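The structure appears right after this line, and notes come after that.
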Amino acid sequence: VSCSLELGGKNPLVVMPSADLANAVEGAYWAAFGTAGQRCTSLGNLILHEDIHDEFMERFMAKVRETRIGDSLHHEGVLYGPMLSEVYAKDFLTDLEMAERDGATKLWGEGRITASNAPSGFVDNADAGVFMWPHVYADVTEDMECFMNEIFGPVVTVVKARDFDHALHLANASPFGLSSACYTNDRLEAYRFKTGIKAGMTGINNSTTGAEAHLPFGGVKNSGNGTRESGMWVIEAYSYWHAVNDELSGQLQLAQMDVDEIHAAEATVDWSTLA
């Protein structure tokens, strides 16, 4: 019986000095907090080259602090709504404790939104759903639990990279390999990232989520079992190749056993005419 397994991810997004920072900030912000971070391709580890780290974070945090949260059917400009259920919310809050235990620096986020605990951008009734603050943890390193493990919800863990090689190492360091992204205008870096990353999907100057509907969707390592969903490739996930030889001659055919010796005359070529 065929099966297609989707087993999670800790999707990295790398930003290099040559990147268009405005575009990279938009991509990281959407990938981290769109749909309240409840996509398998949502951003996990935000990996920033040290040369642009401070400027990027200043822009990124400005957007985070202004995030509008609520029911988009009733409020304009909302980025995300509630968690899917109380169960998901409980799991999310439990997983956030990893970052606290690891000693990561919390830049933003206060857990569940209530009437007395809400960011300025919350525009709904806290009792109408399970709403969460957006969370940002900085000073994350690869030896931390929160670096290695998926946290399913509105949170991003920020990691600093020394150079491209270090950034690629960090992008490959988690046990997962679903989605990935790299923002760079250096085409050699783009090539090295897409050939060096161990992931099922990669965006160059695009986010980890939202642009793969027509492409083979799936992961490597601990993110799946090698199958692909979406596009025409989904057929192979739920079917298999079947080779049939229907012989009508009434005779045994041994094509793989029949041999003959062919003598071919070497062609005469006037090489001077090819100069």
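FYI, nothing fancy with the structure tokens labels: chains A, B, ... in order, residues from 1 per chain, ligands from 1 as they appear.
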Determine which residues of range 35-185 of chain A receive a DSSP assignment of strand (DSSP E), computed from the backbone, and state them as a ChimeraX atom specification.
/A:43-49,105-108,135-138,155-161,176-177,179-183
Create the file for the chosen residues now, containing C-alpha atoms and written as a PDB file, in the first residue's frame.
ATOM      1  CA  LEU A  43       9.716  29.718   8.725  1.00  0.00           C
ATOM      2  CA  GLY A  44      11.622  28.067  11.556  1.00  0.00           C
ATOM      3  CA  ASN A  45      15.219  29.307  11.743  1.00  0.00           C
ATOM      4  CA  LEU A  46      15.849  32.816  10.403  1.00  0.00           C
ATOM      5  CA  ILE A  47      19.573  32.771   9.554  1.00  0.00           C
ATOM      6  CA  LEU A  48      21.069  36.241   9.129  1.00  0.00           C
ATOM      7  CA  HIS A  49      24.562  37.114   7.935  1.00  0.00           C
ATOM      8  CA  THR A 105      16.636  35.988  24.100  1.00  0.00           C
ATOM      9  CA  LYS A 106      12.918  36.728  23.805  1.00  0.00           C
ATOM     10  CA  LEU A 107      12.425  39.896  21.783  1.00  0.00           C
ATOM     11  CA  TRP A 108       8.646  39.697  21.491  1.00  0.00           C
ATOM     12  CA  HIS A 135       7.035  35.424  19.151  1.00  0.00           C
ATOM     13  CA  VAL A 136      10.646  36.195  18.249  1.00  0.00           C
ATOM     14  CA  TYR A 137      13.664  34.580  19.929  1.00  0.00           C
ATOM     15  CA  ALA A 138      17.189  35.813  19.180  1.00  0.00           C
ATOM     16  CA  VAL A 155       7.284  32.038  16.321  1.00  0.00           C
ATOM     17  CA  VAL A 156      10.666  32.500  14.692  1.00  0.00           C
ATOM     18  CA  THR A 157      14.130  31.661  16.040  1.00  0.00           C
ATOM     19  CA  VAL A 158      16.907  33.998  14.874  1.00  0.00           C
ATOM     20  CA  VAL A 159      20.423  32.704  14.226  1.00  0.00           C
ATOM     21  CA  LYS A 160      23.510  34.710  13.260  1.00  0.00           C
ATOM     22  CA  ALA A 161      25.894  33.418  10.552  1.00  0.00           C
ATOM     23  CA  PHE A 176      14.441  18.184   8.953  1.00  0.00           C
ATOM     24  CA  GLY A 177      14.518  19.027   5.256  1.00  0.00           C
ATOM     25  CA  SER A 179      11.319  23.854   2.750  1.00  0.00           C
ATOM     26  CA  SER A 180      14.121  26.429   2.615  1.00  0.00           C
ATOM     27  CA  ALA A 181      14.903  29.881   1.266  1.00  0.00           C
ATOM     28  CA  CYS A 182      17.855  32.137   0.554  1.00  0.00           C
ATOM     29  CA  TYR A 183      17.730  35.861  -0.144  1.00  0.00           C
TER      30      TYR A 183
END
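Closest approach to Gly129 in chain A among A:Gly103, A:Gly153, A:Gly9, A:Pro82 is made by A:Pro82 (distances from only C-alpha atoms).
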